[in-house]
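Peer 1: My structure is stored as input_23.txt, with compact mmCIF, C-alpha atoms.
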# COMPACT_ATOMS: atom_id res chain seq x y z
CA MET A 213 -96.26 19.76 18.38
CA LYS A 214 -96.40 19.99 22.18
CA SER A 215 -96.02 16.24 22.58
CA ARG A 216 -92.95 16.22 20.33
CA VAL A 217 -91.41 19.13 22.24
CA ALA A 218 -92.09 17.29 25.52
CA ARG A 219 -89.99 14.35 24.30
CA SER A 220 -86.95 16.64 24.13
CA ARG A 221 -87.32 17.63 27.79
CA ARG A 222 -84.41 17.17 30.20
CA PRO A 223 -84.81 16.92 34.00
CA GLU A 224 -83.12 20.32 34.41
CA VAL A 225 -85.88 22.15 32.53
CA VAL A 226 -88.05 24.34 34.76
CA ASP A 227 -91.49 25.44 33.59
CA ASP A 228 -92.21 29.14 33.14
CA ALA A 229 -95.96 29.63 33.20
CA SER A 230 -95.73 32.92 31.28
CA GLY A 231 -93.93 31.34 28.35
CA PHE A 232 -91.73 34.39 27.89
CA ALA A 233 -88.51 32.57 28.79
CA GLY A 234 -87.07 29.09 28.84
CA LEU A 235 -85.68 28.08 32.23
CA PHE A 236 -82.88 25.60 32.92
CA ASP A 237 -81.68 24.62 36.40
CA ALA A 238 -78.02 25.67 36.46
CA SER A 239 -77.34 23.72 39.66
CA ALA A 240 -76.76 20.80 37.28
CA LEU A 241 -73.41 22.43 36.50
CA LEU A 242 -72.22 21.92 40.10
CA ARG A 243 -70.95 18.47 39.18
CA TYR A 244 -68.29 20.14 37.03
CA ARG A 245 -65.00 21.36 38.50
CA ARG A 246 -64.75 24.26 36.04
CA PRO A 247 -67.72 24.30 33.63
CA LEU A 248 -67.37 26.24 30.41
CA LEU A 249 -70.60 27.25 28.71
CA ALA A 250 -70.55 26.91 24.92
CA THR A 251 -73.06 28.63 22.65
CA SER A 252 -73.82 28.51 18.95
CA THR A 253 -76.36 30.03 16.58
CA ASP A 254 -77.19 29.24 12.96
CA GLY A 255 -79.94 28.83 10.40
CA VAL A 256 -80.76 26.52 7.52
CA GLY A 257 -80.13 28.96 4.69
CA THR A 258 -81.77 28.66 1.29
CA LYS A 259 -82.67 25.01 1.85
CA VAL A 260 -85.93 26.42 3.23
CA ASP A 261 -86.87 27.46 -0.32
CA LEU A 262 -86.79 23.84 -1.49
CA ALA A 263 -88.82 22.77 1.56
CA ARG A 264 -91.42 25.42 0.66
CA ARG A 265 -91.55 24.34 -2.99
CA LEU A 266 -91.99 20.68 -2.03
CA GLY A 267 -94.33 21.32 0.91
CA VAL A 268 -92.12 19.35 3.32
CA TYR A 269 -91.42 21.16 6.57
CA ASP A 270 -90.29 18.77 9.33
CA THR A 271 -86.87 18.00 7.84
CA VAL A 272 -85.59 21.59 7.91
CA GLY A 273 -86.26 21.69 11.65
CA HIS A 274 -84.02 18.66 11.93
CA ASP A 275 -81.40 20.47 9.84
CA LEU A 276 -81.47 23.45 12.17
CA VAL A 277 -80.53 21.32 15.16
CA GLY A 278 -77.68 19.71 13.27
CA MET A 279 -76.25 23.09 12.32
CA VAL A 280 -76.45 24.44 15.89
CA LEU A 281 -75.89 21.59 18.32
CA ASP A 282 -73.27 19.70 16.32
CA ASP A 283 -71.18 22.87 16.36
CA LEU A 284 -71.24 22.68 20.17
CA ALA A 285 -70.04 19.09 20.11
CA VAL A 286 -66.90 20.12 18.19
CA CYS A 287 -65.29 21.49 21.35
CA GLY A 288 -66.51 18.51 23.38
CA ALA A 289 -69.51 20.31 24.86
CA GLU A 290 -72.67 18.44 25.83
CA PRO A 291 -75.69 20.25 24.32
CA LEU A 292 -78.08 21.30 27.08
CA PHE A 293 -80.85 23.32 25.51
CA MET A 294 -81.94 25.18 22.39
CA THR A 295 -84.36 27.89 21.31
CA ASP A 296 -85.72 28.58 17.82
CA TYR A 297 -87.03 31.53 15.80
CA ILE A 298 -89.37 31.20 12.83
CA ALA A 299 -90.28 34.16 10.60
CA CYS A 300 -93.04 33.66 8.04
CA GLY A 301 -95.33 35.63 5.80
CA LYS A 302 -98.41 33.98 7.29
CA VAL A 303 -98.70 31.64 10.26
CA VAL A 304 -100.15 28.32 9.15
CA PRO A 305 -100.44 26.29 12.38
CA GLU A 306 -99.88 22.90 10.75
CA ARG A 307 -96.75 24.15 8.99
CA ILE A 308 -95.32 25.65 12.17
CA ALA A 309 -96.13 22.43 14.03
CA ASP A 310 -94.16 20.41 11.45
CA ILE A 311 -91.15 22.73 11.66
CA VAL A 312 -91.07 22.86 15.46
CA GLY A 313 -91.81 19.16 15.73
CA GLY A 314 -88.79 18.43 13.56
CA ILE A 315 -86.64 20.68 15.75
CA ALA A 316 -87.87 18.90 18.89
CA ASP A 317 -87.30 15.41 17.46
CA ALA A 318 -83.72 16.30 16.53
CA CYS A 319 -83.09 17.94 19.92
CA ALA A 320 -84.07 14.65 21.52
CA LEU A 321 -81.54 12.86 19.29
CA ALA A 322 -78.85 15.31 20.41
CA GLY A 323 -79.82 15.00 24.09
CA ALA A 324 -80.83 18.66 24.39
CA ALA A 325 -84.07 20.26 25.52
CA LEU A 326 -86.06 22.60 23.28
CA VAL A 327 -86.93 25.16 25.96
CA GLY A 328 -88.63 27.85 23.90
CA GLY A 329 -88.93 29.77 20.67
CA GLU A 330 -90.67 32.52 18.78
CA THR A 331 -92.85 32.61 15.69
CA ALA A 332 -93.32 35.93 13.89
CA GLU A 333 -95.46 37.00 10.95
CA HIS A 334 -93.81 39.39 8.48
CA PRO A 335 -96.62 40.21 6.00
CA GLY A 336 -95.49 42.39 3.14
CA LEU A 337 -91.88 41.34 3.68
CA LEU A 338 -92.35 37.60 3.18
CA GLY A 339 -94.94 35.97 0.95
CA PRO A 340 -97.69 33.89 2.59
CA ASP A 341 -95.78 30.63 1.92
CA GLU A 342 -92.30 31.97 2.64
CA PHE A 343 -90.46 31.40 5.91
CA ASP A 344 -87.03 31.37 7.48
CA LEU A 345 -85.76 29.85 10.70
CA ALA A 346 -82.82 30.18 13.03
CA GLY A 347 -81.84 28.79 16.40
CA ALA A 348 -79.39 29.09 19.27
CA GLY A 349 -78.06 26.41 21.58
CA THR A 350 -76.09 26.20 24.81
CA GLY A 351 -73.86 23.41 26.04
CA VAL A 352 -71.25 22.74 28.71
CA VAL A 353 -67.79 21.21 28.76
CA GLU A 354 -65.28 20.64 31.53
CA ALA A 355 -62.43 23.14 31.04
CA ASP A 356 -59.70 20.50 31.06
CA ALA A 357 -61.66 18.38 28.57
CA LEU A 358 -61.98 21.18 26.00
CA LEU A 359 -61.06 19.89 22.54
CA GLY A 360 -59.34 21.92 19.88
CA PRO A 361 -56.29 22.63 17.71
CA GLU A 362 -53.87 22.91 20.63
CA ARG A 363 -54.27 19.15 21.27
CA VAL A 364 -53.48 18.09 17.69
CA ARG A 365 -50.08 16.53 16.98
CA ALA A 366 -48.25 15.20 13.92
CA GLY A 367 -49.01 11.50 13.54
CA ASP A 368 -52.63 11.79 14.64
CA ALA A 369 -55.28 10.09 12.48
CA VAL A 370 -58.20 11.84 10.82
CA ILE A 371 -61.47 9.90 10.98
CA ALA A 372 -64.36 10.79 8.65
CA MET A 373 -68.01 10.35 9.65
CA ALA A 374 -70.39 10.01 6.74
CA SER A 375 -72.94 12.70 6.02
CA SER A 376 -76.56 11.84 5.30
CA GLY A 377 -76.45 14.03 2.19
CA ILE A 378 -75.84 17.69 1.47
CA HIS A 379 -76.98 18.67 4.99
CA SER A 380 -77.68 22.44 4.97
CA ASN A 381 -74.86 24.08 3.03
CA GLY A 382 -74.49 24.78 -0.66
CA TYR A 383 -78.17 25.18 -1.50
CA SER A 384 -77.68 28.48 -3.32
CA LEU A 385 -75.51 26.53 -5.77
CA VAL A 386 -78.09 23.72 -5.84
CA ARG A 387 -80.85 26.19 -6.70
CA HIS A 388 -78.66 27.73 -9.41
CA ILE A 389 -78.07 24.28 -10.92
CA LEU A 390 -81.81 23.50 -10.83
CA ALA A 391 -82.60 26.79 -12.56
CA ASN A 392 -80.00 26.30 -15.29
CA SER A 393 -80.09 22.58 -16.12
CA ASP A 394 -82.50 19.83 -17.07
CA LEU A 395 -82.73 18.59 -13.48
CA ALA A 396 -86.14 18.84 -11.79
CA LEU A 397 -87.12 18.24 -8.18
CA GLU A 398 -89.71 15.67 -9.29
CA SER A 399 -87.26 13.70 -11.45
CA SER A 400 -85.84 10.33 -10.40
CA PRO A 401 -82.32 10.08 -11.85
CA ALA A 402 -81.02 6.52 -12.05
CA GLU A 403 -78.08 7.46 -9.84
CA LEU A 404 -80.43 8.08 -6.90
CA GLY A 405 -81.78 4.54 -6.75
CA GLY A 406 -85.47 5.34 -7.19
CA ARG A 407 -85.67 8.40 -4.96
CA THR A 408 -86.66 11.72 -6.45
CA LEU A 409 -84.15 14.53 -6.54
CA GLY A 410 -86.37 16.53 -4.19
CA GLU A 411 -86.42 13.73 -1.62
CA GLU A 412 -82.65 13.41 -1.81
CA LEU A 413 -82.10 17.15 -1.41
CA LEU A 414 -84.36 17.33 1.65
CA THR A 415 -82.71 14.41 3.45
CA PRO A 416 -82.23 15.78 6.98
CA THR A 417 -78.83 16.49 8.47
CA ARG A 418 -77.25 13.67 10.46
CA ILE A 419 -77.07 14.55 14.18
CA TYR A 420 -73.58 13.74 15.49
CA ALA A 421 -73.64 15.25 18.99
CA LYS A 422 -74.07 12.06 21.03
CA ASP A 423 -71.69 10.14 18.78
CA CYS A 424 -69.01 12.79 19.20
CA LEU A 425 -69.49 12.84 22.96
CA ALA A 426 -69.22 9.05 23.14
CA LEU A 427 -65.99 9.22 21.15
CA ALA A 428 -64.65 12.08 23.27
CA ALA A 429 -65.35 10.06 26.43
CA THR A 430 -62.64 7.58 25.39
CA GLY A 431 -60.04 10.30 25.99
CA THR A 432 -58.39 9.76 22.61
CA VAL A 433 -59.94 12.62 20.62
CA ARG A 434 -57.83 15.69 19.94
CA ALA A 435 -60.36 17.75 17.96
CA PHE A 436 -63.48 17.57 15.82
CA ALA A 437 -64.42 19.50 12.68
CA HIS A 438 -68.03 20.02 11.60
CA ILE A 439 -68.05 20.01 7.80
CA THR A 440 -70.41 22.84 6.89
CA GLY A 441 -70.10 25.86 4.59
CA GLY A 442 -66.70 25.99 2.92
CA GLY A 443 -66.30 22.26 2.43
CA LEU A 444 -64.11 19.57 3.91
CA ALA A 445 -60.62 21.08 3.73
CA ALA A 446 -61.55 24.58 4.91
CA ASN A 447 -63.50 23.35 7.93
CA LEU A 448 -60.89 20.80 8.95
CA ALA A 449 -58.21 23.49 8.77
CA ARG A 450 -60.07 25.37 11.52
CA SER A 451 -59.21 22.52 13.91
CA LEU A 452 -55.49 22.47 13.13
CA PRO A 453 -52.66 24.27 14.94
CA ALA A 454 -50.29 26.51 12.98
CA THR A 455 -47.65 23.77 13.16
CA ALA A 456 -49.53 20.93 11.46
CA ASP A 457 -51.28 20.02 8.23
CA ALA A 458 -53.93 17.42 7.49
CA VAL A 459 -53.27 15.22 4.46
CA LEU A 460 -56.63 13.83 3.32
CA GLU A 461 -56.93 10.94 0.89
CA ARG A 462 -59.59 11.56 -1.75
CA GLY A 463 -59.49 7.86 -2.63
CA SER A 464 -60.46 6.78 0.90
CA TRP A 465 -64.18 7.06 0.12
CA THR A 466 -66.63 7.17 -2.74
CA VAL A 467 -68.39 10.52 -3.10
CA PRO A 468 -72.18 9.91 -2.97
CA PRO A 469 -73.85 10.07 -6.40
CA LEU A 470 -75.94 13.16 -5.56
CA PHE A 471 -72.82 15.34 -5.52
CA THR A 472 -71.48 14.06 -8.84
CA LEU A 473 -74.95 14.34 -10.37
CA LEU A 474 -75.18 18.01 -9.42
CA GLY A 475 -71.64 18.68 -10.58
CA GLU A 476 -72.16 17.09 -13.98
CA HIS A 477 -75.53 18.71 -14.72
CA GLY A 478 -74.37 22.08 -13.43
CA GLY A 479 -70.99 22.04 -15.11
CA VAL A 480 -69.41 22.72 -11.70
CA PRO A 481 -65.61 22.28 -11.54
CA ARG A 482 -64.30 19.86 -8.92
CA ALA A 483 -62.59 22.67 -7.02
CA GLU A 484 -65.93 24.45 -6.64
CA LEU A 485 -67.64 21.26 -5.46
CA ASP A 486 -64.83 20.78 -2.94
CA LYS A 487 -65.30 24.18 -1.34
CA THR A 488 -69.12 24.18 -1.42
CA PHE A 489 -70.31 20.72 -0.39
CA ASN A 490 -69.36 18.20 2.29
CA LEU A 491 -68.97 15.50 -0.43
CA GLY A 492 -70.20 12.81 1.96
CA VAL A 493 -68.22 13.77 5.08
CA GLY A 494 -70.35 15.49 7.72
CA MET A 495 -67.99 15.42 10.71
CA ALA A 496 -64.32 14.62 11.18
CA ALA A 497 -62.45 13.56 14.30
CA ILE A 498 -58.72 13.87 14.89
CA VAL A 499 -57.63 11.07 17.22
CA ALA A 500 -54.43 9.69 18.70
CA PRO A 501 -52.50 7.48 16.23
CA ASP A 502 -53.15 4.24 18.12
CA ALA A 503 -56.86 5.01 18.65
CA ALA A 504 -58.12 4.99 15.05
CA ASP A 505 -59.29 1.35 14.98
CA ALA A 506 -61.12 1.68 18.30
CA ALA A 507 -62.77 4.89 17.11
CA LEU A 508 -64.01 3.17 13.95
CA ARG A 509 -65.41 0.27 16.00
CA LEU A 510 -67.22 2.60 18.39
CA LEU A 511 -68.78 4.60 15.55
CA ALA A 512 -69.82 1.42 13.75
CA GLU A 513 -71.54 0.21 16.93
CA ARG A 514 -73.44 3.52 16.99
CA GLY A 515 -74.50 3.16 13.36
CA VAL A 516 -72.27 5.91 11.99
CA PRO A 517 -70.36 4.93 8.81
CA SER A 518 -66.75 6.04 9.23
CA TRP A 519 -63.28 5.52 7.82
CA VAL A 520 -59.69 6.76 8.09
CA LEU A 521 -59.63 9.91 5.97
CA GLY A 522 -55.98 10.91 6.42
CA GLU A 523 -53.30 11.89 8.87
CA ILE A 524 -51.73 14.90 10.55
CA VAL A 525 -48.21 15.87 9.44
CA PRO A 526 -45.91 18.80 10.28
CA GLY A 527 -47.04 21.88 8.44
CA ALA A 528 -48.58 25.33 8.63
CA GLY A 529 -52.25 24.78 9.53
CA ASN A 530 -53.61 23.63 6.17
CA ALA A 531 -55.82 20.73 5.15
CA ASN A 532 -55.03 19.26 1.75
CA LEU A 533 -57.37 16.96 -0.16
CA ALA A 534 -55.07 14.86 -2.35
What would the structure in this file look like if it were written as structure tokens?

Peer 2:
Amino acid sequence: MKSRVARSRRPEVVDDASGFAGLFDASALLRYRRPLLATSTDGVGTKVDLARRLGVYDTVGHDLVGMVLDDLAVCGAEPLFMTDYIACGKVVPERIADIVGGIADACALAGAALVGGETAEHPGLLGPDEFDLAGAGTGVVEADALLGPERVRAGDAVIAMASSGIHSNGYSLVRHILANSDLALESSPAELGGRTLGEELLTPTRIYAKDCLALAATGTVRAFAHITGGGLAANLARSLPATADAVLERGSWTVPPLFTLLGEHGGVPRAELDKTFNLGVGMAAIVAPDAADAALRLLAERGVPSWVLGEIVPGAGNANLA
């Protein structure tokens, strides 16, 4: 675990021999004219229950980083560092090492340092195999480079970045479907191409932070939207001004088979799928009208599947999936 955490280290990290705090050299912020600190906190939700049932623990650590640090990237902030908190019924060192190792590996992908954390036993409250985890991250963005709804204009293009799967939202519905259908975690539905349902459901969250920052560096990005709980339209609407709508083309991509599989076996209406899952879109970027092609090329070079999802039109701050 320690070696994996060390790989997430940044040069600004300062060692604290006591281990009670994580230290970060703030003089690194002197290169900014007006640095704004950005902070985010989140967890992984009920996806941890599936990890426990399958005995796979490193992927949920990866998920935690995606939920926390990709939120920072939405405003254009560079993630600097992160801390984690793990509560469990009984500390099993190998299990904790897998969880923290996954967090550290994903922090390295996002360019942030994992500077500390806490592990707590809650016997009597959590069973010996039960656990939950949460984290908090801090980033920085130049004030005049802050991205958000106020930059968005009619005519802008909406670019979708593919998700790696369900990510970390909607697992209460997933668990309900599993409990009330013929689907089993060990099954290998033909739609999944030989992978088991459990493997597909535990696919770790794609980390977008560095990709978003590379795109933002072109100066053509108006806003980002991290597609988490609430689905595509609701999250994209958070990045719109009150004077504009996003018209999103449902036919611009093929929804990955995992989502349709869950919907069919669970008898879930399309409207409920829309507001619960990301449906294959993990992050969206709103860019200047003449920058869409360049944005797609840059993302392709970085290995991120992407496409034009829709456009911004005059409106009242709504995103509509047509």

Peer 1: Using only C-alpha atoms, which of the listed residues (A:Gly522, A:Gly288, A:Gly515, A:Gly382) sits closest to Glu461 (chain A)?

Peer 2: A:Gly522

Peer 1: Between A:Ile378, A:Ala238, A:Leu292, A:Ala421, which has the minimum distance to Ala348 (chain A) (counting all atoms listed in the file)?

Peer 2: A:Leu292

Peer 1: Return the single residue from A:Val480, A:Ala324, A:Met373, A:Ile524 that is closest to Leu508 (chain A), with distances computed using all atoms listed in the file.

Peer 2: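 Comparing A:Val480, A:Ala324, A:Met373, A:Ile524 against Leu508 (chain A), the winner is A:Met373.
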
Peer 1: Give one line per residue of region 348-398 of chain A that approaches region 325-332 of chain A to at most 12 Å, naming the two atoms of the closest pair and their distance in Å to one decimal, counting only C-alpha atoms; sort by chain then ascending residue number and deliver it as a tab-separated table.

Peer 2:
residue	atom	partner	partner_atom	distance
A:Ala348	CA	A:Gly329	CA	9.7
A:Gly349	CA	A:Leu326	CA	9.0
A:Thr350	CA	A:Ala325	CA	10.0
A:Gly351	CA	A:Ala325	CA	10.7

Peer 1: Using C-alpha atoms, can you export the residues from the last selection as a PDB file, keeping the file's coordinate frame?

Peer 2:
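Listing of again-v2.pdb after writing:
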ATOM      1  CA  ALA A 348     -79.390  29.090  19.270  1.00  0.00           C
ATOM      2  CA  GLY A 349     -78.060  26.410  21.580  1.00  0.00           C
ATOM      3  CA  THR A 350     -76.090  26.200  24.810  1.00  0.00           C
ATOM      4  CA  GLY A 351     -73.860  23.410  26.040  1.00  0.00           C
TER       5      GLY A 351
END

Peer 1: When you count all atoms listed in the file, which of these residues is closest to Ala507 (chain A): A:Thr432, A:Asn532, A:Asn447, A:Thr488?

Peer 2: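 Closest candidate: A:Thr432.
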
Peer 1: Within 9 Å of Ala428 (chain A), counting only C-alpha atoms, which residues show up once you throw out same-chain ones fewer than 4 positions away? Write them as a compact mmCIF listing (two decimals) with C-alpha atoms, in the frame of the given file, please.

Peer 2:
# COMPACT_ATOMS: atom_id res chain seq x y z
CA GLY A 288 -66.51 18.51 23.38
CA ALA A 357 -61.66 18.38 28.57
CA LEU A 359 -61.06 19.89 22.54
CA ASP A 423 -71.69 10.14 18.78
CA CYS A 424 -69.01 12.79 19.20
CA THR A 432 -58.39 9.76 22.61
CA VAL A 433 -59.94 12.62 20.62
CA ARG A 434 -57.83 15.69 19.94
CA ALA A 435 -60.36 17.75 17.96

Peer 1: If you measure from CA of Ser239 (chain A) to CA of Glu224 (chain A), what distance in Å do you get, rounded to one decimal?

Peer 2: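 So the two atoms, CA of Ser239 (chain A) and CA of Glu224 (chain A), lie 8.5 Å apart.
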
Peer 1: Compare A:Asp344, A:Asp261, A:Asp317, A:Asp275 by their minimum atom-to-atom distance to Val303 (chain A), counting all atoms listed in the file, and give me the closest one.

Peer 2: A:Asp344

Peer 1: Using all atoms listed in the file, which residues sit within 12 Å of Ala299 (chain A) once same-chain residues fewer than 2 positions away are excluded, as a list in words?

Peer 2: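 In the requested form, the answer reads Gly255, Val260, Asp296, Tyr297, Gly301, Lys302, Val303, Val304, Ile308, Ile311, Gly329, Glu330, Thr331, Ala332, Glu333, His334, Pro335, Leu337, Leu338, Gly339, Pro340, Asp341, Glu342, Phe343, Asp344, Leu345, Ala346 and Gly347 of chain A.
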
Peer 1: When distances are computed from only C-alpha atoms, which of A:Ser375, A:Ser464, A:Ser380, A:Thr271 shows the smallest separation from Gly257 (chain A)?

Peer 2: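 Nearest to Gly257 (chain A): A:Ser380.
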
Peer 1: Place a sphere of radius 9 Å on (-51.5, 23.1, 4.5) in the file coordinates and name every protein, DNA or RNA residue with an atom inside or on its surface, counting all atoms listed in the file; give the answer as a ChimeraX atom specification.

Peer 2: /A:449,456-459,527-532

Peer 1: Can you pull out the residues contacting Arg482 (chain A)? Cut-off 12 Å, using all atoms listed in the file, and skip same-chain residues under 5 positions away; I want them as a PyMOL selection string.

Peer 2: chain A and resi 443+462+467+471-472+474-476+487-489+491+533

Peer 1: Suppose you want the space between CA of Thr455 (chain A) and CA of Gly360 (chain A); what is it in Å?

Peer 2: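 Pair CA of Thr455 (chain A) / CA of Gly360 (chain A) returns 13.6 Å.
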
Peer 1: For CA of Ala322 (chain A) and CA of Pro501 (chain A), quote the distance in Å rounded to one decimal.

Peer 2: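 Atom-to-atom, CA of Ala322 (chain A) to CA of Pro501 (chain A), that is 27.8 Å.
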
Peer 1: Which residues, written as a list of chain:residue names, have at least one atom at most 7 Å from region 278-281 of chain A, with all atoms listed in the file counted and residues fewer than 2 positions away on the same chain left out?

Peer 2: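 That gives A:Ser252, A:Thr253, A:Asp254, A:His274, A:Asp275, A:Leu276, A:Asp283, A:Leu284, A:Ala285, A:Pro291, A:Gly347, A:Ala348, A:Gly349, A:Thr417, A:Arg418, A:Ile419, A:Ala421.
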
Peer 1: Tell me which residues come within 10 Å of (-58.0, 4.1, 16.4), as a list in words, counting only C-alpha atoms in the file's coordinates.

Peer 2: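 In the file's frame, the residues around the point are Asp368, Ala369, Val370, Ile371, Thr432, Val433, Ile498, Val499, Ala500, Pro501, Asp502, Ala503, Ala504, Asp505, Ala506, Ala507, Leu508, Arg509, Leu510 and Val520 of chain A.
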
Peer 1: What's around Gly478 (chain A) at 10 Å? Count all atoms listed in the file, leave out sequence neighbours fewer than 3 positions away in its own chain, and write the answer as a short mmCIF file (atom, residue, chain, number, x, y, z; two decimals) with C-alpha atoms, in the coordinates of the input.

Peer 2:
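The result, stored in result-v1.cif:
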data_model
loop_
_atom_site.label_atom_id
_atom_site.label_comp_id
_atom_site.auth_asym_id
_atom_site.auth_seq_id
_atom_site.Cartn_x
_atom_site.Cartn_y
_atom_site.Cartn_z
CA LEU A 385 -75.51 26.53 -5.77
CA VAL A 386 -78.09 23.72 -5.84
CA HIS A 388 -78.66 27.73 -9.41
CA ILE A 389 -78.07 24.28 -10.92
CA LEU A 390 -81.81 23.50 -10.83
CA ALA A 391 -82.60 26.79 -12.56
CA ASN A 392 -80.00 26.30 -15.29
CA SER A 393 -80.09 22.58 -16.12
CA ASP A 394 -82.50 19.83 -17.07
CA LEU A 395 -82.73 18.59 -13.48
CA THR A 472 -71.48 14.06 -8.84
CA LEU A 473 -74.95 14.34 -10.37
CA LEU A 474 -75.18 18.01 -9.42
CA GLY A 475 -71.64 18.68 -10.58
CA PRO A 481 -65.61 22.28 -11.54
#

Peer 1: Box time for region 238-245 of chain A: axis-aligned, enclosing all its listed atoms, 4 Å extra on each side; report centre and edge lengths in Å to one decimal, as JSON.

Peer 2:
{"center_x": -71.5, "center_y": 22.1, "center_z": 38.3, "size_x": 21.0, "size_y": 15.2, "size_z": 11.6}

Peer 1: Could you rebuild region 351-365 of chain A with N, CA, C and O atoms and give it back as a short mmCIF file (atom, residue, chain, number, x, y, z; two decimals), in the coordinates of the input?

Peer 2:
data_model
loop_
_atom_site.label_atom_id
_atom_site.label_comp_id
_atom_site.auth_asym_id
_atom_site.auth_seq_id
_atom_site.Cartn_x
_atom_site.Cartn_y
_atom_site.Cartn_z
N GLY A 351 -74.38 24.67 25.53
CA GLY A 351 -73.86 23.41 26.04
C GLY A 351 -72.82 23.67 27.11
O GLY A 351 -72.53 24.82 27.45
N VAL A 352 -72.25 22.60 27.64
CA VAL A 352 -71.25 22.74 28.71
C VAL A 352 -70.16 21.70 28.51
O VAL A 352 -70.41 20.57 28.08
N VAL A 353 -68.92 22.12 28.83
CA VAL A 353 -67.79 21.21 28.76
C VAL A 353 -66.86 21.51 29.93
O VAL A 353 -66.71 22.66 30.34
N GLU A 354 -66.28 20.47 30.50
CA GLU A 354 -65.28 20.64 31.53
C GLU A 354 -64.06 21.33 30.92
O GLU A 354 -63.62 20.96 29.83
N ALA A 355 -63.52 22.33 31.61
CA ALA A 355 -62.43 23.14 31.04
C ALA A 355 -61.25 22.28 30.62
O ALA A 355 -60.67 22.49 29.54
N ASP A 356 -60.88 21.30 31.43
CA ASP A 356 -59.70 20.50 31.06
C ASP A 356 -60.02 19.42 30.04
O ASP A 356 -59.13 18.67 29.63
N ALA A 357 -61.28 19.33 29.61
CA ALA A 357 -61.66 18.38 28.57
C ALA A 357 -61.94 19.08 27.25
O ALA A 357 -62.36 18.44 26.28
N LEU A 358 -61.71 20.40 27.21
CA LEU A 358 -61.98 21.18 26.00
C LEU A 358 -61.12 20.67 24.85
O LEU A 358 -59.90 20.55 24.97
N LEU A 359 -61.76 20.38 23.72
CA LEU A 359 -61.06 19.89 22.54
C LEU A 359 -60.73 21.04 21.61
O LEU A 359 -61.42 22.06 21.58
N GLY A 360 -59.68 20.87 20.82
CA GLY A 360 -59.34 21.92 19.88
C GLY A 360 -57.96 21.77 19.30
O GLY A 360 -57.23 20.81 19.59
N PRO A 361 -57.56 22.73 18.45
CA PRO A 361 -56.29 22.63 17.71
C PRO A 361 -55.06 22.43 18.58
O PRO A 361 -54.11 21.76 18.16
N GLU A 362 -55.07 22.99 19.79
CA GLU A 362 -53.87 22.91 20.63
C GLU A 362 -53.56 21.48 21.06
O GLU A 362 -52.44 21.18 21.49
N ARG A 363 -54.50 20.55 20.91
CA ARG A 363 -54.27 19.15 21.27
C ARG A 363 -53.71 18.33 20.11
O ARG A 363 -53.23 17.21 20.31
N VAL A 364 -53.81 18.85 18.89
CA VAL A 364 -53.48 18.09 17.69
C VAL A 364 -51.96 17.99 17.53
O VAL A 364 -51.24 18.98 17.71
N ARG A 365 -51.49 16.78 17.16
CA ARG A 365 -50.08 16.53 16.98
C ARG A 365 -49.83 15.79 15.67
O ARG A 365 -50.69 15.04 15.19
#
